[in-house]
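> Data file target24.txt (compact mmCIF, C-alpha atoms) is appended below.
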# COMPACT_ATOMS: atom_id res chain seq x y z
CA MET T 1 90.77 41.09 133.08
CA VAL T 2 93.41 38.33 133.01
CA CYS T 3 92.96 37.93 129.24
CA VAL T 4 93.41 41.69 128.71
CA GLU T 5 96.60 41.71 130.78
CA THR T 6 97.92 38.64 128.91
CA LEU T 7 97.29 40.27 125.53
CA SER T 8 98.95 43.47 126.74
CA VAL T 9 102.08 41.55 127.80
CA LEU T 10 102.14 39.67 124.50
CA TRP T 11 101.88 42.92 122.55
CA LYS T 12 104.82 44.44 124.45
CA ILE T 13 106.93 41.35 123.79
CA MET T 14 105.97 41.42 120.12
CA LYS T 15 107.06 45.06 119.76
CA ASN T 16 110.36 44.49 121.55
CA GLN T 17 111.40 41.27 119.80
CA SER T 18 110.67 41.91 116.13
CA PHE T 19 111.81 44.41 113.54
CA VAL T 20 109.43 42.92 110.95
CA THR T 21 106.05 44.64 110.75
CA GLU T 22 104.52 42.36 108.11
CA PHE T 23 105.11 39.06 106.32
CA VAL T 24 104.72 38.21 102.65
CA LEU T 25 102.92 34.94 101.90
CA LEU T 26 103.85 33.12 98.68
CA GLY T 27 100.54 31.22 98.61
CA PHE T 28 100.02 28.21 96.35
CA SER T 29 101.44 29.72 93.21
CA GLN T 30 102.59 32.96 91.64
CA ASN T 31 100.81 32.03 88.40
CA PRO T 32 97.70 34.29 87.97
CA ASP T 33 95.75 31.52 86.19
CA VAL T 34 96.42 29.06 89.01
CA GLN T 35 95.41 31.71 91.56
CA LYS T 36 92.06 32.18 89.80
CA ILE T 37 91.40 28.43 89.95
CA VAL T 38 92.38 28.34 93.63
CA PHE T 39 90.09 31.31 94.32
CA VAL T 40 87.03 29.63 92.75
CA ILE T 41 87.67 26.20 94.33
CA PHE T 42 88.25 27.40 97.87
CA LEU T 43 85.47 29.98 97.73
CA PHE T 44 82.97 27.21 97.04
CA VAL T 45 84.66 24.92 99.59
CA TYR T 46 84.46 27.62 102.26
CA ILE T 47 80.82 28.46 101.56
CA GLY T 48 79.87 24.78 101.49
CA THR T 49 81.74 24.03 104.72
CA ILE T 50 80.27 26.96 106.64
CA CYS T 51 76.71 26.32 105.43
CA SER T 52 76.79 22.56 106.10
CA ASN T 53 78.34 22.84 109.57
CA LEU T 54 76.07 25.68 110.71
CA LEU T 55 73.06 23.80 109.29
CA ILE T 56 73.96 20.83 111.49
CA VAL T 57 74.36 23.10 114.53
CA ALA T 58 71.00 24.80 113.95
CA SER T 59 69.18 21.52 113.20
CA ILE T 60 70.40 19.77 116.35
CA ILE T 61 69.89 22.78 118.64
CA SER T 62 66.33 23.22 117.35
CA ASN T 63 65.53 19.56 118.08
CA PRO T 64 65.12 18.97 121.86
CA THR T 65 65.47 15.19 121.45
CA LEU T 66 68.83 15.37 119.71
CA VAL T 67 70.40 18.20 121.70
CA GLY T 68 69.76 16.20 124.89
CA SER T 69 71.81 13.28 123.56
CA PRO T 70 75.54 13.37 124.41
CA MET T 71 76.53 12.18 120.93
CA TYR T 72 74.71 15.03 119.21
CA PHE T 73 75.72 17.48 121.93
CA PHE T 74 79.37 16.83 121.03
CA LEU T 75 78.53 16.89 117.30
CA VAL T 76 77.25 20.46 117.70
CA PHE T 77 80.57 21.57 119.13
CA LEU T 78 82.53 19.62 116.51
CA SER T 79 80.62 21.34 113.70
CA PHE T 80 81.06 24.74 115.34
CA LEU T 81 84.82 24.18 115.73
CA ASP T 82 85.10 23.05 112.11
CA ALA T 83 83.43 26.28 111.01
CA CYS T 84 85.86 28.27 113.19
CA ILE T 85 88.99 26.43 111.97
CA ILE T 86 88.24 26.94 108.29
CA SER T 87 87.28 30.58 108.96
CA VAL T 88 90.76 31.19 110.39
CA ILE T 89 92.37 29.90 107.18
CA CYS T 90 90.13 30.28 104.14
CA PRO T 91 88.93 33.94 103.99
CA LYS T 92 92.46 35.35 104.05
CA MET T 93 93.66 32.76 101.53
CA ILE T 94 90.72 33.43 99.18
CA ILE T 95 91.23 37.21 99.29
CA ASP T 96 94.99 36.82 98.73
CA CYS T 97 94.28 35.06 95.42
CA LEU T 98 93.04 38.42 94.09
CA TYR T 99 96.34 40.17 94.79
CA GLU T 100 99.80 39.73 93.33
CA LYS T 101 101.47 40.53 96.66
CA LYS T 102 100.00 38.69 99.64
CA THR T 103 100.83 40.27 102.98
CA ILE T 104 99.81 39.81 106.59
CA SER T 105 100.76 42.04 109.51
CA TYR T 106 102.96 40.70 112.31
CA GLY T 107 100.07 40.90 114.76
CA GLY T 108 97.71 39.26 112.26
CA CYS T 109 100.20 36.44 111.78
CA MET T 110 100.44 35.80 115.51
CA MET T 111 96.64 35.90 115.86
CA GLN T 112 96.24 33.41 113.01
CA ILE T 113 98.67 30.99 114.68
CA PHE T 114 96.92 31.41 118.03
CA ALA T 115 93.40 30.93 116.62
CA GLN T 116 94.34 27.94 114.48
CA HIS T 117 95.95 26.07 117.40
CA PHE T 118 93.21 27.14 119.82
CA PHE T 119 90.35 25.70 117.76
CA SER T 120 92.36 22.66 116.58
CA GLY T 121 93.41 21.86 120.16
CA ALA T 122 89.81 22.09 121.31
CA GLU T 123 88.69 19.83 118.43
CA VAL T 124 91.21 17.15 119.41
CA ILE T 125 89.64 16.97 122.89
CA VAL T 126 86.08 17.00 121.50
CA LEU T 127 86.96 14.06 119.20
CA THR T 128 88.36 12.24 122.24
CA SER T 129 85.15 12.95 124.17
CA MET T 130 83.10 11.57 121.29
CA ALA T 131 85.20 8.40 121.27
CA TYR T 132 84.63 7.99 125.02
CA ASP T 133 80.90 8.52 124.49
CA ARG T 134 80.84 5.69 121.91
CA TYR T 135 82.88 3.46 124.24
CA VAL T 136 80.38 3.90 127.07
CA ALA T 137 77.38 3.48 124.74
CA ILE T 138 78.68 0.19 123.29
CA CYS T 139 80.65 -1.34 126.16
CA LYS T 140 78.54 -0.14 129.11
CA PRO T 141 75.04 0.42 127.69
CA LEU T 142 73.24 -0.14 131.01
CA HIS T 143 75.26 2.64 132.68
CA TYR T 144 75.30 5.02 129.71
CA THR T 145 72.74 7.49 131.07
CA SER T 146 74.34 7.70 134.50
CA ILE T 147 77.90 8.04 133.16
CA MET T 148 77.29 10.40 130.21
CA ASN T 149 75.19 12.83 132.22
CA PRO T 150 74.83 16.54 131.32
CA ARG T 151 77.34 17.54 134.01
CA LEU T 152 80.11 15.31 132.57
CA CYS T 153 79.36 16.48 129.02
CA GLY T 154 79.63 20.10 130.16
CA ILE T 155 82.92 19.38 131.95
CA LEU T 156 84.37 17.71 128.84
CA ILE T 157 83.48 20.72 126.68
CA GLY T 158 85.00 23.03 129.29
CA VAL T 159 88.17 20.91 129.23
CA ALA T 160 88.21 21.19 125.43
CA TRP T 161 88.12 25.00 125.52
CA ALA T 162 90.69 25.17 128.33
CA GLY T 163 92.97 22.62 126.65
CA GLY T 164 92.81 24.45 123.33
CA PHE T 165 93.65 27.75 125.03
CA LEU T 166 96.55 26.24 127.00
CA HIS T 167 97.98 24.58 123.89
CA SER T 168 97.77 27.74 121.76
CA ILE T 169 99.01 30.13 124.46
CA ILE T 170 102.15 27.98 124.90
CA GLN T 171 102.78 28.14 121.16
CA ILE T 172 102.26 31.88 120.91
CA LEU T 173 104.28 32.75 124.03
CA PHE T 174 107.32 31.09 122.47
CA THR T 175 106.65 32.42 118.96
CA VAL T 176 106.40 36.11 119.94
CA GLN T 177 109.85 35.90 121.52
CA LEU T 178 111.50 35.02 118.20
CA PRO T 179 113.34 37.97 116.61
CA PHE T 180 112.60 38.57 112.92
CA CYS T 181 115.09 41.00 111.46
CA GLY T 182 115.82 39.68 107.96
CA SER T 183 113.63 38.16 105.26
CA ASN T 184 109.87 38.35 105.79
CA VAL T 185 108.78 35.96 103.00
CA ILE T 186 106.84 32.88 104.20
CA ASP T 187 106.63 30.02 101.70
CA HIS T 188 103.08 29.10 102.65
CA PHE T 189 99.48 30.28 102.25
CA ILE T 190 99.10 30.91 106.01
CA CYS T 191 101.32 31.81 108.96
CA GLU T 192 102.65 28.39 109.96
CA LEU T 193 105.22 27.63 112.63
CA TYR T 194 107.94 25.75 110.76
CA PRO T 195 108.15 28.15 107.77
CA LEU T 196 108.20 30.99 110.30
CA LEU T 197 111.16 29.44 112.14
CA LYS T 198 113.27 29.69 108.99
CA LEU T 199 112.96 33.50 109.14
CA ALA T 200 114.01 33.93 112.76
CA CYS T 201 117.37 35.63 113.44
CA THR T 202 118.36 33.13 116.13
CA ASP T 203 118.93 29.44 116.76
CA THR T 204 115.48 27.80 116.65
CA TYR T 205 116.45 24.19 117.36
CA GLY T 206 115.02 24.28 120.90
CA PHE T 207 111.85 25.96 119.70
CA GLY T 208 111.45 23.27 117.04
CA LEU T 209 111.64 20.62 119.74
CA MET T 210 109.01 22.50 121.75
CA ILE T 211 106.66 22.47 118.74
CA ALA T 212 107.21 18.74 118.28
CA ALA T 213 106.46 18.15 121.98
CA ASN T 214 103.51 20.52 122.30
CA SER T 215 101.82 19.65 119.00
CA GLY T 216 103.36 16.49 117.58
CA PHE T 217 103.56 14.40 120.76
CA PHE T 218 100.12 15.67 121.81
CA CYS T 219 98.63 14.45 118.50
CA ILE T 220 100.42 11.09 118.71
CA LEU T 221 99.27 10.51 122.31
CA ILE T 222 95.62 11.32 121.59
CA PHE T 223 95.67 9.34 118.33
CA PHE T 224 97.06 6.29 120.14
CA MET T 225 94.43 6.63 122.89
CA LEU T 226 91.66 6.82 120.28
CA LEU T 227 92.96 3.75 118.45
CA VAL T 228 93.08 1.81 121.74
CA SER T 229 89.52 2.87 122.61
CA TYR T 230 88.19 1.76 119.21
CA GLY T 231 90.14 -1.49 119.55
CA VAL T 232 88.40 -2.13 122.88
CA ILE T 233 85.04 -1.32 121.29
CA LEU T 234 85.62 -3.73 118.39
CA PHE T 235 86.74 -6.45 120.81
CA SER T 236 83.59 -6.02 122.92
CA LEU T 237 81.31 -6.34 119.87
CA ARG T 238 81.84 -10.10 119.79
CA ASN T 239 79.17 -10.41 122.51
CA HIS T 240 76.60 -8.32 120.62
CA SER T 241 73.94 -9.45 118.18
CA THR T 242 74.58 -9.22 114.44
CA GLU T 243 72.28 -6.20 114.17
CA GLY T 244 73.98 -4.51 117.12
CA GLN T 245 77.41 -5.20 115.60
CA LYS T 246 76.41 -3.62 112.28
CA LYS T 247 75.02 -0.52 113.97
CA ALA T 248 78.07 -0.12 116.23
CA LEU T 249 80.50 -0.68 113.34
CA SER T 250 78.65 1.88 111.23
CA THR T 251 78.92 4.48 114.00
CA CYS T 252 82.56 3.70 114.84
CA SER T 253 83.66 3.66 111.20
CA THR T 254 82.56 7.28 110.79
CA HIS T 255 84.48 8.28 113.92
CA VAL T 256 87.61 6.44 112.79
CA ALA T 257 87.43 8.08 109.35
CA VAL T 258 87.30 11.56 110.91
CA VAL T 259 90.10 10.74 113.36
CA VAL T 260 92.41 9.45 110.60
CA LEU T 261 91.70 12.45 108.35
CA PHE T 262 92.50 14.88 111.15
CA PHE T 263 95.32 13.23 113.07
CA LEU T 264 97.57 11.68 110.41
CA PRO T 265 98.25 14.99 108.60
CA CYS T 266 98.62 16.72 111.98
CA ILE T 267 101.16 14.12 113.16
CA PHE T 268 103.10 14.37 109.90
CA GLU T 269 103.12 18.17 110.12
CA TYR T 270 104.36 18.52 113.71
CA ALA T 271 105.85 15.24 114.97
CA ARG T 272 109.08 15.60 113.00
CA PRO T 273 112.30 17.64 113.00
CA PRO T 274 111.76 21.37 112.35
CA VAL T 275 112.11 21.26 108.57
CA SER T 276 109.79 22.31 105.75
CA PHE T 277 108.81 20.18 102.75
CA SER T 278 107.44 21.27 99.39
CA PHE T 279 104.20 19.31 99.95
CA ASP T 280 103.50 20.79 103.41
CA LYS T 281 100.84 23.01 101.86
CA ILE T 282 98.91 19.97 100.60
CA VAL T 283 99.14 18.29 104.00
CA GLU T 284 97.92 21.48 105.70
CA ILE T 285 94.86 21.53 103.44
CA PHE T 286 93.82 18.08 104.66
CA TYR T 287 93.27 18.88 108.34
CA THR T 288 92.45 22.61 108.12
CA ILE T 289 90.15 22.66 105.09
CA LEU T 290 89.16 19.20 103.84
CA THR T 291 88.41 17.72 107.28
CA PRO T 292 85.92 20.50 108.20
CA LEU T 293 84.32 19.99 104.77
CA LEU T 294 84.05 16.21 105.06
CA ASN T 295 83.00 15.99 108.72
CA PRO T 296 79.36 16.91 108.00
CA LEU T 297 79.24 14.31 105.20
CA ILE T 298 80.81 11.61 107.39
CA TYR T 299 79.07 12.33 110.69
CA ALA T 300 75.75 13.93 109.96
CA PHE T 301 74.39 13.52 106.45
CA ARG T 302 74.66 9.72 106.71
CA ASN T 303 72.72 9.83 109.99
CA LYS T 304 68.98 9.32 109.68
CA GLU T 305 68.13 11.31 112.82
CA VAL T 306 70.23 14.29 111.74
CA LYS T 307 68.71 14.22 108.25
CA ASN T 308 65.22 14.22 109.79
CA ALA T 309 66.17 17.16 112.03
CA ILE T 310 67.48 19.08 108.99
CA SER T 311 64.26 18.36 107.08
CA LYS T 312 62.14 19.61 109.99
CA LEU T 313 64.21 22.78 110.31
CA CYS T 314 63.98 23.49 106.58
CA SER T 315 60.21 22.87 106.65
CA ARG T 316 59.77 25.31 109.55
CA LEU T 317 61.86 27.93 107.77
CA MET T 318 59.80 27.52 104.59
CA ILE T 319 56.54 27.89 106.54
CA VAL T 320 57.82 31.05 108.23
CA SER T 321 58.96 32.54 104.92
CA VAL T 322 55.59 31.76 103.30
CA GLU T 323 53.67 33.32 106.18
CA LYS T 324 55.71 36.52 105.83
Give the structure from this file in structure tokens form.

Amino acid sequence: MVCVETLSVLWKIMKNQSFVTEFVLLGFSQNPDVQKIVFVIFLFVYIGTICSNLLIVASIISNPTLVGSPMYFFLVFLSFLDACIISVICPKMIIDCLYEKKTISYGGCMMQIFAQHFFSGAEVIVLTSMAYDRYVAICKPLHYTSIMNPRLCGILIGVAWAGGFLHSIIQILFTVQLPFCGSNVIDHFICELYPLLKLACTDTYGFGLMIAANSGFFCILIFFMLLVSYGVILFSLRNHSTEGQKKALSTCSTHVAVVVLFFLPCIFEYARPPVSFSFDKIVEIFYTILTPLLNPLIYAFRNKEVKNAISKLCSRLMIVSVEK
């Protein structure tokens, strides 16, 4: 009921504040040949990302041993969020490559901004939870089971959803109050905040600072916390055996790789003055499209237990299809 009332209020604000009913997206290029190449590349990227992430989700959920482990419990949610993030961006972008004029309605633009920040905000907290899980497993192995219990894991996932919603609702509440009464051309392939600010018929300096605080500072703070946690983990490894050090370093290196791929582009995109650069589109691709594609390769397909779970799931599916 609260969500319905919130959406109703947002819709009224949107109707009152904007004279623009749709936006025109310039995409990557106006060259038809380039658009065809972009269409083929990102179609395969999208299909590969969705299939790999959902395969990981299905394989872990179908394996009682893995789904009961906090590390794989968080990995399920990470893979699900990756599939959601790329689904907010890619389908619209792929379809737009088939048209000369790429448009998105005002409401669709606001929903895209909300969904992108909702799922990205939730993923930031899930990555933080995974880092904490690795810290407890390596630094406090004797207390791991008691600390990382199912109740705490459930709370952390609840915090991720709530944090993502709070982050995105703050963004959208400010965005829908901006009046758009002039140009409606966005120099981007999605509805993004900074390019959108350039179209507003008002002074957006304060709003730009809000974006930097709500998104940029948030990313910097979490990134710094993650770096500190991995620093503590590496420092504690000096007391472990050589075999234990190799195993811990292998696990942590995958986490660090994902964190760097996600956070550095995010920090560059939002923790800066409200200006747009020509290479913003490339930066956006890194954390909205490439990171969801690479996460399964970094986290799961290098993991022996996950690969075994995938093999078992595929074997069961083949047996069922043969029996039919």
> What does the distance between atom CA of T:Ser69 and atom CA of T:Ser129 come to in Å, to one decimal place?
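Between these atoms lies a distance of 13.4 Å.
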> At most 10 Å from (87.9, 5.8, 117.8), file frame, only C-alpha atoms: which residues, as an MDAnalysis selection string?
chainID T and resid 127:132 134:135 223:234 251:260
> Could you tell me, as a PyMOL selection string, which residues have any atom at most 12 Å from (115.7, 31.5, 114.7), counting all atoms listed in the file?
chain T and resi 17-18+174-183+193-208+274
> Work out how far atom CA of T:Ser168 is from atom CA of T:Ala115, in Å to one decimal.
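So the two atoms, atom CA of T:Ala115 and atom CA of T:Ser168, lie 7.5 Å apart.
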> What's around T:Leu313 at 9 Å? Count only C-alpha atoms, leave out sequence neighbours fewer than 3 positions away in its own chain, and write the answer as a PyMOL selection string.
chain T and resi 55+58-59+62-63+308-310+316-318
> So what do you get for atom CA of T:Leu237 versus atom CA of T:Pro141, distance-wise?
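Taking atom CA of T:Leu237 as the start and atom CA of T:Pro141 as the end point, the length is 12.1 Å.
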> Which one of T:Val159, T:Leu294, T:Leu142, T:Cys97 sits closest to T:Ser29 if you count all atoms listed in the file?
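With all atoms listed in the file as the atom set, the closest residue is T:Cys97.
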> Which of these residues is nearest to T:Ile222, using all atoms listed in the file: T:Leu152, T:Gly27, T:Ile169, T:Phe263?
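Among the listed residues, T:Phe263 lies closest to T:Ile222.
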> Which residue, T:Ile86, T:Val34, T:Ile95, T:Leu75, has the smallest gap to T:Ile289 when you use all atoms listed in the file?
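Going through T:Ile86, T:Val34, T:Ile95, T:Leu75 one by one, the smallest distance to T:Ile289 is for T:Ile86.
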> For each of T:Met71, T:Ile285, T:Leu78, T:Ile89, take the minimum atom-to-atom distance to T:Leu54, counting only C-alpha atoms, then give the residue where this is smallest.
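The closest residue to T:Leu54 is T:Leu78.
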> Taking into account all atoms listed in the file, which residue in the set T:Ser120, T:Leu209, T:Met111, T:Pro70 is nearest to T:Ile147?
T:Pro70
> Which one is closest to T:Phe44: T:Pro91, T:Gly163, T:Pro265, T:Gly158? Count only C-alpha atoms.
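That would be T:Pro91, the residue with the smallest distance to T:Phe44.
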